[in-house]
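Visitor: Structure in structure tokens, see below.
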Amino acid sequence: MILVKDISKQYGDFTALENINLEFTNGLYGLLAPNGAGKTTLIKMLATLIAPSKGEILYNGKNIVAMDEDYRSLLGYLPQQFGFYKNYTPKQYLLYLAALKGIGKKEALDKIDDLLEKVALREVTNKKMKKFSGGMIQRVGIAQSLLNDPKILILDEPTAGLDPKERARFRHLLTELARERLVIVSTHIVSDVETIANEIIMIKNRQLLYKDSVERICATLDGHVYETTIPYEQLETYRRQFVLLSEKQERGSMVIRFIHKGEAEANWLPLAPQLEDVFLYEYRDDIGEEV
Amino acid sequence: MNKEKFQIPMPDERTIQTQIEQIVAAGVTQKESFIAYLTSMVRQIGFRHLFADRLGLVYIFLIALIVNSFMFFLAEPKKLAIQDLYGLIFLLSPLLFLMFSLFTYVHKMNNETLEVEMSCKYNVYQIIAFKMLAFSAVSIVANTISIAFLVTVYDDIHFLRAFMISITGLFVFSILFLYGMMKRRSTIAVATVVIIWTGGNVFFRFMNDALYTNLLVTMPLFVYGVVFIGSLYCYVRYLKRLIRFTQMKGAF
């Protein structure tokens, strides 16, 4: 459906992305990387907001730039910074954006009611958005991205500002949407996509690191994730020697989860790797660890 | 074993041509004309949403009206030389267009809503292109009314010459404005065009008064007509480019 062919993006001397090749079909893709890794650059190229310095992006064999408004008609997009007009109500703003998307007023009104219900904003339909919390604004953003019933839905950090309950609701909505369209969600929060994404895409050092299912990505750390209990005094040594994934105090000792790629010690308990483990391992700071 | 032979009758030339046309019509998307595109855009978006910033535009209209009146009527009425009057008409002809367009451009480009609006079917550049066309029409009407008033105050002013100077000035400036906007895609580039326009006129007026007077007062009207038609043609071409313009080349 969407083919990203050998794209690179440079801003002057700085290379943001290098030789990225990807293929997307229907389903949900989680674009997972820390801030500054190039997620937004890739997302903006997929939304035709910026151009690749090299390579091209094709939708059903056609260059998305050449498709122009035909591509944008298929697109639903939520940017990282969702801007709005403070004195507009959600209904007014969605009506305005629906008009820009070429949706007739009558059709738009029905759609807006339905979408505001879906994002739990029905009761504030006619309230000015300047009084809204960050989470409410983000939900208006999610609603606008769905106005044209897009075949391609691209969401850049959609859960920013949402509380845990809203996140759970949002995940359900995404699962429902991804049944019949292509959904790409960019995030640095593993739990946003871990349980719902068909595939995870990870970018590292400007290049594609993984594009695979959660299971297969986790399998790259099979047999290397352990848990053990140590006295607090040894914590610093472990931090220096291993990639620590988590640490918590328990009955005066420290229970740590870590990665080690050599021989295991007798008191280490092997664990099944989680996506968060891979994320922390791949994007770990240079701590001079032995792995 | 008898093999059945399929006989496919060869269609006649007319049938072949008809079928080719049908295949081409189904496979090739017809490019809409500029006017058809704008009409369809207005029908789908509606004037209410196209001019969502109408309150700002009304204020600007009033400011431009005050500036125009001030320049022509308050500064020593009937004391301006004829070439200076024509010069002022030329210099100020794009004032309203400039103020409307600058307001729209800066407002759209610096608004946090830019990314969302750029991802819509009708993006910011297409909206700006349509509005600029509308602003040109409003400017022509407003300038013509101003000239009509001027003619009643200054006997030496010829309506047709003033009108041609005004309309030519408007479209020449509009081309420069669109060029600056599309070439550099920054507010600074647009501001540079304004400075060049004003500075260029003032410079020309004081450095080569004879030529300036000739151009404004004695140049045959048909020359203005030719320049006007040429600039109108270029203007529409630039607007068409703006409609197909994406910031894929790396705007903001």
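Starting from 1 in every chain, residues are counted up; chains themselves are A, B, ... following the order of the structure tokens, and ligands are numbered from 1 as listed.
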Please identify all residues of chain A having at least one atom at most 8 Å from any atom of chain B, considering only C-alpha atoms, and return them as an MDAnalysis selection string.
Guide: chainID A and resid 47:51 65 68:70 72:73 75:79 81:85 96:97 99:104
Visitor: Tell me, as a list in words, which residues lie within 8 Å of B:Val106, counting only C-alpha atoms; anything in the same chain fewer than 4 positions away does not count.
Guide: Leu102, Asn110 and Thr187 of chain B
Visitor: Tell me, as a PyMOL selection string, which residues lie within 7 Å of stretch 194-207 of chain A, counting only C-alpha atoms; anything in the same chain fewer than 5 positions away does not count.
Guide: chain A and resi 16-20+27-33+37-38+175+212-214+275
Visitor: Pull C-alpha atoms from the residues just selected and write them as a PDB file, in the first residue's frame.
Guide:
```
ATOM      1  CA  ALA A  16      18.042  13.131  10.151  1.00  0.00           C
ATOM      2  CA  LEU A  17      17.303   9.856   8.330  1.00  0.00           C
ATOM      3  CA  GLU A  18      19.376   7.671   6.053  1.00  0.00           C
ATOM      4  CA  ASN A  19      18.325   5.066   3.480  1.00  0.00           C
ATOM      5  CA  ILE A  20      15.021   4.105   5.049  1.00  0.00           C
ATOM      6  CA  GLY A  27      -2.960  -2.616  10.151  1.00  0.00           C
ATOM      7  CA  LEU A  28      -1.351  -0.749  12.985  1.00  0.00           C
ATOM      8  CA  TYR A  29       2.320   0.181  12.967  1.00  0.00           C
ATOM      9  CA  GLY A  30       4.064   1.591  16.011  1.00  0.00           C
ATOM     10  CA  LEU A  31       6.948   3.894  15.192  1.00  0.00           C
ATOM     11  CA  LEU A  32       8.949   3.637  18.373  1.00  0.00           C
ATOM     12  CA  ALA A  33      12.100   5.608  19.110  1.00  0.00           C
ATOM     13  CA  ALA A  37      15.581   9.901  16.605  1.00  0.00           C
ATOM     14  CA  GLY A  38      13.829  11.072  13.439  1.00  0.00           C
ATOM     15  CA  THR A 175      -7.486  -1.238  17.367  1.00  0.00           C
ATOM     16  CA  ASP A 212       8.852  -6.614  12.861  1.00  0.00           C
ATOM     17  CA  SER A 213       6.237  -8.027  15.200  1.00  0.00           C
ATOM     18  CA  VAL A 214       6.592  -7.411  18.932  1.00  0.00           C
ATOM     19  CA  LEU A 275       9.434  -4.651  24.178  1.00  0.00           C
TER      20      LEU A 275
END
```
Visitor: Counting only C-alpha atoms, what is within 10 Å of B:Ile89, bar same-chain residues fewer than 4 positions away, as a ChimeraX atom specification?
Guide: /B:68,71-72,83-85,93-95,143,146-147,150,162-167,169-170,216
Visitor: If you keep C-alpha atoms, can you produce a file of those selected residues as a PDB file, in the first residue's frame?
Guide:
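What ended up in again-v5.pdb:
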```
ATOM      1  CA  ASN B  68      -5.365  56.320   0.783  1.00  0.00           C
ATOM      2  CA  MET B  71      -2.173  60.462   0.922  1.00  0.00           C
ATOM      3  CA  PHE B  72      -4.463  61.959  -1.680  1.00  0.00           C
ATOM      4  CA  GLN B  83       3.426  63.042 -12.328  1.00  0.00           C
ATOM      5  CA  ASP B  84       3.536  62.770  -8.528  1.00  0.00           C
ATOM      6  CA  LEU B  85      -0.161  61.993  -8.459  1.00  0.00           C
ATOM      7  CA  SER B  93      -2.260  50.619  -6.189  1.00  0.00           C
ATOM      8  CA  PRO B  94      -1.233  47.354  -4.501  1.00  0.00           C
ATOM      9  CA  LEU B  95      -1.655  48.735  -0.953  1.00  0.00           C
ATOM     10  CA  ASN B 143      -8.712  51.590  -6.551  1.00  0.00           C
ATOM     11  CA  SER B 146     -10.451  56.101  -5.356  1.00  0.00           C
ATOM     12  CA  ILE B 147      -9.470  57.210  -8.863  1.00  0.00           C
ATOM     13  CA  LEU B 150      -9.417  61.838  -7.521  1.00  0.00           C
ATOM     14  CA  ALA B 162      -4.964  56.618 -13.868  1.00  0.00           C
ATOM     15  CA  PHE B 163      -6.963  53.391 -14.081  1.00  0.00           C
ATOM     16  CA  MET B 164      -4.398  51.716 -16.369  1.00  0.00           C
ATOM     17  CA  ILE B 165      -1.498  52.859 -14.150  1.00  0.00           C
ATOM     18  CA  SER B 166      -3.287  51.562 -11.091  1.00  0.00           C
ATOM     19  CA  ILE B 167      -4.223  48.173 -12.535  1.00  0.00           C
ATOM     20  CA  GLY B 169       0.903  48.598 -10.762  1.00  0.00           C
ATOM     21  CA  LEU B 170      -1.353  46.168  -8.922  1.00  0.00           C
ATOM     22  CA  LEU B 216       3.594  57.940 -16.103  1.00  0.00           C
TER      23      LEU B 216
END
```
Visitor: At what distance in Å, to one decimal, does atom CA of A:Pro90 lie from atom CA of B:Phe103?
Guide: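 The value is 24.8 Å.
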Visitor: Excluding A:Tyr88 and its own-chain neighbours fewer than 2 positions away, which residues fall within 10 Å of it when counting only C-alpha atoms? Please give them as a PDB file with C-alpha atoms, in the first residue's frame.
Guide:
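Below is the file that was written, around.pdb:
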```pdb
ATOM      1  CA  PHE A  84      -6.262  25.211  17.219  1.00  0.00           C
ATOM      2  CA  TYR A  85      -8.126  28.506  17.249  1.00  0.00           C
ATOM      3  CA  LYS A  86      -8.714  29.423  20.876  1.00  0.00           C
ATOM      4  CA  PRO A  90     -14.697  21.800  18.865  1.00  0.00           C
ATOM      5  CA  LYS A  91     -17.744  21.755  16.590  1.00  0.00           C
ATOM      6  CA  GLN A  92     -16.737  24.996  14.818  1.00  0.00           C
ATOM      7  CA  TYR A  93     -13.136  23.881  14.401  1.00  0.00           C
ATOM      8  CA  LEU A  94     -14.078  20.444  13.140  1.00  0.00           C
ATOM      9  CA  TYR A  96     -13.820  24.297   9.426  1.00  0.00           C
ATOM     10  CA  ASN A 126     -20.110  23.996  21.995  1.00  0.00           C
ATOM     11  CA  LYS A 127     -17.590  25.129  24.617  1.00  0.00           C
ATOM     12  CA  LYS A 128     -14.677  27.324  23.534  1.00  0.00           C
ATOM     13  CA  MET A 129     -11.453  25.375  23.296  1.00  0.00           C
ATOM     14  CA  LYS A 130      -9.403  27.984  25.192  1.00  0.00           C
TER      15      LYS A 130
END
```
Visitor: Counting only C-alpha atoms, what is within 10 Å of B:Arg205, bar same-chain residues fewer than 6 positions away, as a list in words?
Guide: Gln83, Asp84, Gly87, Gly199, Leu211, Tyr212 and Thr213 of chain B
Visitor: Go ahead and write the residues just picked, C-alpha atoms, as a PDB file, in the first residue's frame.
Guide:
```pdb
ATOM      1  CA  GLN B  83       3.426  63.042 -12.328  1.00  0.00           C
ATOM      2  CA  ASP B  84       3.536  62.770  -8.528  1.00  0.00           C
ATOM      3  CA  GLY B  87       3.302  58.097  -9.192  1.00  0.00           C
ATOM      4  CA  GLY B 199      12.308  51.918  -2.522  1.00  0.00           C
ATOM      5  CA  LEU B 211      11.996  59.187 -17.424  1.00  0.00           C
ATOM      6  CA  TYR B 212       9.644  58.671 -14.494  1.00  0.00           C
ATOM      7  CA  THR B 213       7.388  61.486 -15.713  1.00  0.00           C
TER       8      THR B 213
END
```
Visitor: Residues of stretch 35-269 of chain A in alpha helix (DSSP H) according to DSSP, as JSON, numbers by chain?
Guide: {"A": [39, 40, 41, 42, 43, 44, 45, 46, 64, 65, 66, 67, 69, 70, 71, 72, 90, 91, 92, 93, 94, 95, 96, 97, 98, 99, 100, 105, 106, 107, 108, 109, 110, 111, 112, 113, 114, 115, 116, 117, 118, 134, 135, 136, 137, 138, 139, 140, 141, 142, 143, 144, 145, 164, 165, 166, 167, 168, 169, 170, 171, 172, 173, 174, 175, 176, 177, 190, 191, 192, 193, 214, 215, 216, 217, 218, 219, 235, 236, 237, 238, 239, 240, 241]}
Visitor: Hey, can you check how far atom CA of A:Thr237 sits from atom CA of A:Pro34?
Guide: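 Between atom CA of A:Thr237 and atom CA of A:Pro34 the gap is 26.3 Å.
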Visitor: Please return as a ChimeraX atom specification: the residues of stretch 31-191 of chain A that backbone DSSP assigns to strand (DSSP E).
Guide: /A:31-32,54-59,62-63,75-78,152-156,182-187
Visitor: Just how far from atom CA of A:Glu276 is atom CA of A:Ser191, in Å to one decimal?
Guide: 8.0 Å
Visitor: Could you pull the residues within 8 Å of A:Ile152, counting only C-alpha atoms, minus those fewer than 2 positions along the same chain, as a list of chain:residue names?
Guide: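 Surrounding residues, per the criterion: A:Leu74, A:Leu75, A:Gly76, A:Pro150, A:Ile154, A:Arg181, A:Leu182, A:Val183, A:Ile184.
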